[in-house]
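Visitor: Okay, so here is coords_24.cif, and as you'll see once you scroll down, it has mmCIF, N, CA and C atoms.
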data_run
loop_
_atom_site.label_atom_id
_atom_site.label_comp_id
_atom_site.auth_asym_id
_atom_site.auth_seq_id
_atom_site.Cartn_x
_atom_site.Cartn_y
_atom_site.Cartn_z
N MET A 4 -43.42 -5.80 -33.34
CA MET A 4 -44.77 -6.22 -33.17
C MET A 4 -45.09 -6.45 -31.69
N ALA A 5 -44.04 -6.83 -30.94
CA ALA A 5 -44.26 -7.06 -29.51
C ALA A 5 -44.61 -5.76 -28.81
N ASP A 6 -44.22 -4.61 -29.40
CA ASP A 6 -44.55 -3.33 -28.79
C ASP A 6 -46.04 -3.01 -28.92
N LEU A 7 -46.72 -3.62 -29.83
CA LEU A 7 -48.13 -3.34 -30.04
C LEU A 7 -49.03 -4.12 -29.10
N ILE A 8 -48.49 -5.16 -28.48
CA ILE A 8 -49.31 -5.97 -27.57
C ILE A 8 -49.35 -5.25 -26.22
N PRO A 9 -50.53 -4.96 -25.71
CA PRO A 9 -50.61 -4.29 -24.40
C PRO A 9 -50.12 -5.21 -23.29
N PRO A 10 -49.51 -4.66 -22.25
CA PRO A 10 -49.00 -5.51 -21.18
C PRO A 10 -50.16 -6.11 -20.39
N THR A 11 -49.97 -7.31 -19.96
CA THR A 11 -50.96 -7.99 -19.14
C THR A 11 -50.42 -8.05 -17.71
N PRO A 12 -51.22 -8.42 -16.75
CA PRO A 12 -50.72 -8.49 -15.37
C PRO A 12 -49.55 -9.46 -15.22
N GLU A 13 -49.47 -10.48 -16.05
CA GLU A 13 -48.38 -11.44 -15.96
C GLU A 13 -47.10 -10.88 -16.57
N THR A 14 -47.21 -10.01 -17.53
CA THR A 14 -46.02 -9.45 -18.20
C THR A 14 -45.97 -7.95 -17.93
N PRO A 15 -45.08 -7.51 -17.03
CA PRO A 15 -44.98 -6.08 -16.75
C PRO A 15 -44.39 -5.34 -17.96
N PRO A 16 -44.66 -4.07 -18.07
CA PRO A 16 -44.13 -3.32 -19.21
C PRO A 16 -42.61 -3.19 -19.10
N ARG A 17 -41.94 -3.18 -20.26
CA ARG A 17 -40.49 -3.00 -20.29
C ARG A 17 -40.18 -1.51 -20.33
N ILE A 18 -39.27 -1.10 -19.45
CA ILE A 18 -38.83 0.31 -19.46
C ILE A 18 -37.46 0.33 -20.12
N THR A 19 -37.38 1.05 -21.20
CA THR A 19 -36.11 1.08 -21.94
C THR A 19 -35.26 2.29 -21.58
N HIS A 20 -35.77 3.23 -20.81
CA HIS A 20 -34.99 4.40 -20.38
C HIS A 20 -35.43 4.78 -18.96
N ALA A 21 -34.59 5.61 -18.30
CA ALA A 21 -34.89 6.02 -16.92
C ALA A 21 -36.09 6.95 -16.92
N PRO A 22 -36.88 6.89 -15.86
CA PRO A 22 -38.03 7.79 -15.78
C PRO A 22 -37.57 9.25 -15.80
N GLU A 23 -38.43 10.11 -16.23
CA GLU A 23 -38.13 11.54 -16.32
C GLU A 23 -37.79 12.10 -14.94
N GLY A 24 -36.70 12.89 -14.85
CA GLY A 24 -36.31 13.53 -13.60
C GLY A 24 -35.34 12.71 -12.76
N THR A 25 -35.05 11.47 -13.15
CA THR A 25 -34.11 10.64 -12.40
C THR A 25 -32.70 10.94 -12.90
N PRO A 26 -31.76 11.29 -11.99
CA PRO A 26 -30.40 11.58 -12.45
C PRO A 26 -29.69 10.31 -12.90
N SER A 27 -28.77 10.49 -13.81
CA SER A 27 -28.03 9.34 -14.33
C SER A 27 -26.93 8.96 -13.35
N LEU A 28 -26.40 7.77 -13.53
CA LEU A 28 -25.31 7.28 -12.68
C LEU A 28 -24.08 8.17 -12.82
N THR A 29 -23.82 8.64 -14.02
CA THR A 29 -22.67 9.51 -14.24
C THR A 29 -22.81 10.82 -13.47
N SER A 30 -24.01 11.39 -13.50
CA SER A 30 -24.19 12.65 -12.77
C SER A 30 -24.12 12.44 -11.26
N LEU A 31 -24.58 11.29 -10.77
CA LEU A 31 -24.47 10.98 -9.35
C LEU A 31 -23.01 10.84 -8.93
N LEU A 32 -22.23 10.11 -9.72
CA LEU A 32 -20.80 9.95 -9.40
C LEU A 32 -20.07 11.29 -9.48
N ALA A 33 -20.41 12.10 -10.47
CA ALA A 33 -19.77 13.42 -10.58
C ALA A 33 -20.12 14.28 -9.37
N GLY A 34 -21.34 14.17 -8.90
CA GLY A 34 -21.74 14.92 -7.71
C GLY A 34 -20.99 14.47 -6.47
N ILE A 35 -20.79 13.15 -6.34
CA ILE A 35 -20.04 12.63 -5.20
C ILE A 35 -18.59 13.10 -5.25
N VAL A 36 -17.99 13.06 -6.43
CA VAL A 36 -16.60 13.51 -6.58
C VAL A 36 -16.50 15.00 -6.27
N ASP A 37 -17.44 15.79 -6.74
CA ASP A 37 -17.44 17.23 -6.44
C ASP A 37 -17.58 17.48 -4.94
N ASP A 38 -18.47 16.72 -4.29
CA ASP A 38 -18.65 16.88 -2.85
C ASP A 38 -17.37 16.51 -2.09
N LEU A 39 -16.72 15.43 -2.52
CA LEU A 39 -15.47 15.03 -1.86
C LEU A 39 -14.38 16.09 -2.05
N GLN A 40 -14.29 16.63 -3.25
CA GLN A 40 -13.29 17.68 -3.50
C GLN A 40 -13.58 18.91 -2.64
N ARG A 41 -14.83 19.29 -2.56
CA ARG A 41 -15.20 20.45 -1.74
C ARG A 41 -14.90 20.18 -0.27
N LEU A 42 -15.19 18.96 0.19
CA LEU A 42 -14.93 18.59 1.57
C LEU A 42 -13.43 18.63 1.87
N ILE A 43 -12.62 18.13 0.98
CA ILE A 43 -11.17 18.14 1.18
C ILE A 43 -10.66 19.57 1.21
N ARG A 44 -11.15 20.43 0.31
CA ARG A 44 -10.73 21.84 0.32
C ARG A 44 -11.12 22.52 1.62
N GLN A 45 -12.33 22.23 2.12
CA GLN A 45 -12.76 22.83 3.38
C GLN A 45 -11.92 22.34 4.55
N GLU A 46 -11.56 21.06 4.53
CA GLU A 46 -10.71 20.52 5.59
C GLU A 46 -9.33 21.16 5.56
N MET A 47 -8.80 21.37 4.38
CA MET A 47 -7.48 22.00 4.26
C MET A 47 -7.54 23.45 4.74
N THR A 48 -8.61 24.14 4.42
CA THR A 48 -8.77 25.52 4.89
C THR A 48 -8.87 25.55 6.41
N LEU A 49 -9.63 24.62 6.98
CA LEU A 49 -9.75 24.54 8.43
C LEU A 49 -8.39 24.24 9.07
N ALA A 50 -7.64 23.33 8.48
CA ALA A 50 -6.32 22.99 9.02
C ALA A 50 -5.40 24.19 8.97
N ARG A 51 -5.39 24.93 7.86
CA ARG A 51 -4.54 26.12 7.77
C ARG A 51 -4.93 27.15 8.82
N GLN A 52 -6.22 27.34 9.03
CA GLN A 52 -6.68 28.31 10.02
C GLN A 52 -6.27 27.90 11.43
N GLU A 53 -6.40 26.62 11.75
CA GLU A 53 -6.01 26.16 13.07
C GLU A 53 -4.50 26.27 13.28
N VAL A 54 -3.73 25.98 12.24
CA VAL A 54 -2.27 26.12 12.35
C VAL A 54 -1.91 27.59 12.58
N ARG A 55 -2.58 28.49 11.89
CA ARG A 55 -2.33 29.92 12.11
C ARG A 55 -2.65 30.32 13.55
N GLN A 56 -3.76 29.83 14.08
CA GLN A 56 -4.13 30.15 15.46
C GLN A 56 -3.10 29.62 16.45
N GLU A 57 -2.63 28.39 16.23
CA GLU A 57 -1.63 27.82 17.13
C GLU A 57 -0.30 28.57 16.99
N TRP A 58 0.03 29.01 15.78
CA TRP A 58 1.26 29.78 15.57
C TRP A 58 1.18 31.11 16.31
N GLU A 59 0.02 31.74 16.28
CA GLU A 59 -0.16 33.00 17.01
C GLU A 59 0.01 32.78 18.51
N LYS A 60 -0.54 31.68 19.03
CA LYS A 60 -0.36 31.37 20.44
C LYS A 60 1.12 31.20 20.77
N ALA A 61 1.83 30.48 19.89
CA ALA A 61 3.26 30.24 20.13
C ALA A 61 4.05 31.54 20.08
N LYS A 62 3.69 32.44 19.15
CA LYS A 62 4.41 33.72 19.08
C LYS A 62 4.18 34.55 20.33
N VAL A 63 2.95 34.57 20.81
CA VAL A 63 2.64 35.33 22.02
C VAL A 63 3.40 34.75 23.22
N ALA A 64 3.41 33.42 23.33
CA ALA A 64 4.12 32.78 24.43
C ALA A 64 5.62 33.06 24.36
N ALA A 65 6.20 32.97 23.16
CA ALA A 65 7.64 33.22 23.00
C ALA A 65 7.97 34.68 23.31
N GLY A 66 7.13 35.58 22.84
CA GLY A 66 7.36 37.01 23.13
C GLY A 66 7.28 37.30 24.61
N ALA A 67 6.32 36.70 25.27
CA ALA A 67 6.18 36.90 26.71
C ALA A 67 7.38 36.34 27.46
N PHE A 68 7.86 35.16 27.02
CA PHE A 68 9.06 34.59 27.63
C PHE A 68 10.25 35.51 27.45
N ALA A 69 10.46 36.02 26.25
CA ALA A 69 11.63 36.84 25.95
C ALA A 69 11.60 38.15 26.75
N VAL A 70 10.48 38.84 26.70
CA VAL A 70 10.39 40.13 27.41
C VAL A 70 10.47 39.90 28.91
N GLY A 71 9.80 38.90 29.40
CA GLY A 71 9.85 38.59 30.82
C GLY A 71 11.26 38.23 31.28
N ALA A 72 11.97 37.50 30.45
CA ALA A 72 13.34 37.12 30.80
C ALA A 72 14.26 38.33 30.84
N ALA A 73 14.13 39.21 29.87
CA ALA A 73 14.99 40.39 29.82
C ALA A 73 14.73 41.31 31.02
N ILE A 74 13.50 41.60 31.28
CA ILE A 74 13.16 42.48 32.41
C ILE A 74 13.51 41.80 33.73
N GLY A 75 13.22 40.54 33.81
CA GLY A 75 13.54 39.79 35.02
C GLY A 75 15.04 39.74 35.29
N ALA A 76 15.82 39.61 34.24
CA ALA A 76 17.28 39.57 34.42
C ALA A 76 17.80 40.90 34.96
N LEU A 77 17.32 41.99 34.40
CA LEU A 77 17.75 43.31 34.88
C LEU A 77 17.30 43.53 36.33
N ALA A 78 16.08 43.19 36.62
CA ALA A 78 15.59 43.36 37.99
C ALA A 78 16.35 42.45 38.96
N ALA A 79 16.63 41.25 38.52
CA ALA A 79 17.35 40.32 39.39
C ALA A 79 18.74 40.84 39.72
N VAL A 80 19.41 41.40 38.74
CA VAL A 80 20.75 41.95 39.00
C VAL A 80 20.67 43.08 40.02
N MET A 81 19.71 43.96 39.84
CA MET A 81 19.58 45.08 40.76
C MET A 81 19.24 44.61 42.18
N PHE A 82 18.28 43.70 42.28
CA PHE A 82 17.90 43.21 43.61
C PHE A 82 19.01 42.37 44.25
N CYS A 83 19.73 41.64 43.42
CA CYS A 83 20.82 40.84 43.96
C CYS A 83 21.84 41.73 44.67
N PHE A 84 22.25 42.77 43.99
CA PHE A 84 23.23 43.66 44.63
C PHE A 84 22.65 44.32 45.88
N MET A 85 21.38 44.70 45.80
CA MET A 85 20.76 45.32 46.96
C MET A 85 20.75 44.36 48.16
N PHE A 86 20.32 43.12 47.92
CA PHE A 86 20.23 42.16 49.02
C PHE A 86 21.62 41.75 49.54
N VAL A 87 22.58 41.64 48.62
CA VAL A 87 23.94 41.32 49.06
C VAL A 87 24.45 42.41 50.01
N TYR A 88 24.28 43.65 49.61
CA TYR A 88 24.76 44.74 50.47
C TYR A 88 23.94 44.85 51.76
N LEU A 89 22.66 44.52 51.69
CA LEU A 89 21.83 44.54 52.89
C LEU A 89 22.30 43.47 53.88
N LEU A 90 22.57 42.25 53.37
CA LEU A 90 23.05 41.18 54.24
C LEU A 90 24.45 41.48 54.79
N SER A 91 25.27 42.08 53.95
CA SER A 91 26.61 42.47 54.42
C SER A 91 26.50 43.52 55.51
N TRP A 92 25.58 44.43 55.37
CA TRP A 92 25.37 45.48 56.37
C TRP A 92 24.90 44.88 57.68
N ALA A 93 24.15 43.72 57.58
CA ALA A 93 23.65 43.05 58.78
C ALA A 93 24.71 42.21 59.46
N GLY A 94 25.92 42.13 58.91
CA GLY A 94 27.01 41.43 59.56
C GLY A 94 27.40 40.11 58.94
N ILE A 95 26.72 39.66 57.86
CA ILE A 95 27.09 38.41 57.18
C ILE A 95 28.23 38.73 56.21
N PRO A 96 29.24 37.86 56.11
CA PRO A 96 30.32 38.13 55.17
C PRO A 96 29.78 38.28 53.74
N THR A 97 30.47 39.00 52.90
CA THR A 97 30.01 39.29 51.55
C THR A 97 29.82 38.00 50.74
N TRP A 98 30.75 37.07 50.86
CA TRP A 98 30.61 35.81 50.11
C TRP A 98 29.35 35.05 50.55
N GLY A 99 29.02 35.08 51.82
CA GLY A 99 27.80 34.43 52.31
C GLY A 99 26.55 35.13 51.82
N SER A 100 26.63 36.45 51.73
CA SER A 100 25.49 37.21 51.22
C SER A 100 25.21 36.85 49.76
N PHE A 101 26.30 36.74 48.96
CA PHE A 101 26.12 36.35 47.56
C PHE A 101 25.55 34.93 47.46
N GLY A 102 25.96 34.03 48.32
CA GLY A 102 25.44 32.66 48.31
C GLY A 102 23.96 32.60 48.64
N ILE A 103 23.55 33.34 49.63
CA ILE A 103 22.14 33.35 50.02
C ILE A 103 21.27 33.90 48.89
N VAL A 104 21.69 35.03 48.34
CA VAL A 104 20.92 35.65 47.26
C VAL A 104 20.89 34.73 46.04
N GLY A 105 21.99 34.08 45.72
CA GLY A 105 22.03 33.15 44.59
C GLY A 105 21.09 31.97 44.78
N ALA A 106 21.02 31.43 45.97
CA ALA A 106 20.13 30.29 46.25
C ALA A 106 18.66 30.68 46.09
N VAL A 107 18.31 31.85 46.59
CA VAL A 107 16.93 32.32 46.46
C VAL A 107 16.57 32.50 44.99
N LEU A 108 17.48 33.09 44.23
CA LEU A 108 17.22 33.29 42.79
C LEU A 108 17.09 31.95 42.06
N LEU A 109 17.87 30.99 42.45
CA LEU A 109 17.78 29.68 41.83
C LEU A 109 16.40 29.07 42.07
N CYS A 110 15.85 29.24 43.25
CA CYS A 110 14.50 28.73 43.54
C CYS A 110 13.46 29.39 42.63
N PHE A 111 13.56 30.70 42.47
CA PHE A 111 12.63 31.40 41.58
C PHE A 111 12.79 30.94 40.13
N ALA A 112 14.02 30.71 39.70
CA ALA A 112 14.27 30.26 38.32
C ALA A 112 13.64 28.90 38.07
N VAL A 113 13.73 28.01 39.02
CA VAL A 113 13.14 26.67 38.86
C VAL A 113 11.62 26.77 38.77
N ILE A 114 11.03 27.58 39.61
CA ILE A 114 9.57 27.76 39.56
C ILE A 114 9.14 28.32 38.20
N LEU A 115 9.82 29.34 37.72
CA LEU A 115 9.47 29.93 36.42
C LEU A 115 9.68 28.95 35.28
N PHE A 116 10.71 28.12 35.37
CA PHE A 116 10.94 27.12 34.33
C PHE A 116 9.75 26.17 34.23
N PHE A 117 9.24 25.70 35.37
CA PHE A 117 8.12 24.77 35.34
C PHE A 117 6.83 25.44 34.87
N VAL A 118 6.65 26.70 35.19
CA VAL A 118 5.47 27.43 34.70
C VAL A 118 5.55 27.54 33.17
N GLY A 119 6.72 27.89 32.66
CA GLY A 119 6.88 28.00 31.20
C GLY A 119 6.68 26.67 30.50
N ARG A 120 7.16 25.60 31.09
CA ARG A 120 6.99 24.29 30.48
C ARG A 120 5.52 23.89 30.45
N THR A 121 4.79 24.22 31.50
CA THR A 121 3.35 23.92 31.53
C THR A 121 2.61 24.69 30.44
N LYS A 122 2.95 25.96 30.26
CA LYS A 122 2.31 26.76 29.21
C LYS A 122 2.67 26.24 27.82
N ALA A 123 3.90 25.79 27.64
CA ALA A 123 4.32 25.28 26.33
C ALA A 123 3.59 24.00 25.98
N LYS A 124 3.20 23.21 26.96
CA LYS A 124 2.47 21.97 26.70
C LYS A 124 1.06 22.24 26.19
N GLU A 125 0.53 23.44 26.41
CA GLU A 125 -0.82 23.78 25.96
C GLU A 125 -0.88 24.04 24.45
N ILE A 126 0.26 24.19 23.82
CA ILE A 126 0.31 24.47 22.38
C ILE A 126 0.12 23.16 21.63
N ASN A 127 -0.85 23.12 20.73
CA ASN A 127 -1.15 21.92 19.95
C ASN A 127 -0.45 22.00 18.60
N VAL A 128 0.42 21.03 18.33
CA VAL A 128 1.10 21.00 17.04
C VAL A 128 0.15 20.50 15.96
N VAL A 129 -0.63 19.47 16.29
CA VAL A 129 -1.64 18.95 15.37
C VAL A 129 -2.96 19.60 15.75
N PRO A 130 -3.60 20.31 14.81
CA PRO A 130 -4.88 20.95 15.12
C PRO A 130 -5.93 19.92 15.53
N PRO A 131 -6.47 20.02 16.74
CA PRO A 131 -7.38 18.97 17.23
C PRO A 131 -8.70 18.88 16.48
N GLN A 132 -9.27 20.00 16.12
CA GLN A 132 -10.56 19.97 15.43
C GLN A 132 -10.41 19.38 14.04
N THR A 133 -9.36 19.74 13.33
CA THR A 133 -9.13 19.19 12.00
C THR A 133 -8.88 17.70 12.06
N ALA A 134 -8.09 17.25 13.02
CA ALA A 134 -7.82 15.82 13.15
C ALA A 134 -9.11 15.05 13.41
N GLU A 135 -9.97 15.58 14.24
CA GLU A 135 -11.23 14.90 14.55
C GLU A 135 -12.13 14.83 13.31
N THR A 136 -12.28 15.93 12.59
CA THR A 136 -13.15 15.91 11.41
C THR A 136 -12.56 15.04 10.31
N MET A 137 -11.23 14.98 10.20
CA MET A 137 -10.63 14.10 9.20
C MET A 137 -10.91 12.64 9.55
N ARG A 138 -10.84 12.29 10.83
CA ARG A 138 -11.18 10.92 11.25
C ARG A 138 -12.64 10.61 10.91
N GLU A 139 -13.53 11.57 11.17
CA GLU A 139 -14.94 11.35 10.85
C GLU A 139 -15.14 11.19 9.34
N ASN A 140 -14.44 11.99 8.54
CA ASN A 140 -14.58 11.90 7.09
C ASN A 140 -14.08 10.57 6.56
N VAL A 141 -12.94 10.11 7.07
CA VAL A 141 -12.41 8.82 6.63
C VAL A 141 -13.37 7.71 7.01
N GLN A 142 -13.94 7.77 8.21
CA GLN A 142 -14.89 6.75 8.63
C GLN A 142 -16.14 6.80 7.75
N TRP A 143 -16.61 7.99 7.40
CA TRP A 143 -17.79 8.11 6.56
C TRP A 143 -17.51 7.54 5.17
N ILE A 144 -16.32 7.84 4.61
CA ILE A 144 -15.97 7.33 3.27
C ILE A 144 -15.88 5.81 3.30
N GLN A 145 -15.30 5.25 4.38
CA GLN A 145 -15.21 3.80 4.49
C GLN A 145 -16.59 3.16 4.59
N ASN A 146 -17.51 3.82 5.26
CA ASN A 146 -18.86 3.29 5.38
C ASN A 146 -19.61 3.37 4.05
N GLN A 147 -19.25 4.29 3.18
CA GLN A 147 -19.93 4.45 1.90
C GLN A 147 -19.51 3.38 0.89
N THR A 148 -18.31 2.83 1.07
CA THR A 148 -17.84 1.84 0.08
C THR A 148 -18.14 0.43 0.50
#
Step by step, read the file and then write its structure as structure tokens.

Guide:
Amino acid sequence: MADLIPPTPETPPRITHAPEGTPSLTSLLAGIVDDLQRLIRQEMTLARQEVRQEWEKAKVAAGAFAVGAAIGALAAVMFCFMFVYLLSWAGIPTWGSFGIVGAVLLCFAVILFFVGRTKAKEINVVPPQTAETMRENVQWIQNQT
């Protein structure tokens, strides 16, 4: 019988169901869970892609080191003998010629070692873009709760 009494300004009408077109709480939560799952999958895909890129950089650097070392070793042997005989021809004893050539080669080896170490430091083990977006996602999730 109370349903037959029209609402007055003092008594607002009772709404027993959600207005038409309003999503339910269950559908909202399901949407949030779906979005989080999609976000996590995208982050994992991004991480895999960045790891692949860093792996390719490492392979190129390692290949360059290996080929450079092999060619450099052969060239060094050839030049060493040439310079030793050149110094011996100039009147320096053979043992002194070998010492001079060895010292010069050692200087070059140290320089190349530091260049290689500098290049190796440029390789990122942890993908920087993925780490940054994961930090942003965690912060966003914490702000939502």

Visitor: Could you tell me how far atom CA of A:Phe86 lies from atom N of A:Ile103, in Å and to one decimal?

Guide: 9.4 Å

Visitor: Taking 6 positions as the minimum chain separation for residues in the same chain, which residues sit within 10 Å of A:Ile43 when counting only C-alpha atoms? Answer as a PyMOL selection string.

Guide: chain A and resi 37+49+137+140

Visitor: Suppose you want the space between atom CA of A:Trp58 and atom CA of A:Thr136; what is it in Å?

Guide: 20.4 Å

Visitor: What's the 8 Å shell around A:Ala64, counting only N, CA and C atoms, without same-chain residues fewer than 5 positions away, as JSON, numbers by chain?

Guide: {"A": [58, 59, 69, 70, 122, 123]}

Visitor: Kindly indicate which residue among A:Ala73, A:Val80, A:Ile144, A:Val54 lies nearest to A:Val128, using only C-alpha atoms for the distances.

Guide: A:Val54

Visitor: Dump as JSON, numbers by chain all residues having an atom at most 12 Å from (23.1, 32.2, 48.7), computed in the file's coordinates with only C-alpha atoms.

Guide: {"A": [83, 86, 87, 90, 95, 96, 97, 98, 99, 100, 101, 102, 103, 104, 105, 106, 107, 108, 109, 110]}

Visitor: Atom CA of A:Ser30 and atom CA of A:Thr48 are how many Å apart?

Guide: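 Between atom CA of A:Ser30 and atom CA of A:Thr48 the gap works out to 26.7 Å.
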
Visitor: May I have all residues of chain A that DSSP, computed from the backbone, assigns to alpha helix (DSSP H), given as a VMD selection string?

Guide: chain A and resid 28 to 92 97 to 124 131 to 147

Visitor: Give the answer as one residue: which of A:Trp92, A:Met81, A:Thr133, A:Ile126 has the shortest atom-to-atom distance to A:Val63, using only C-alpha atoms?

Guide: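 For A:Val63, the nearest of the candidates is A:Ile126.
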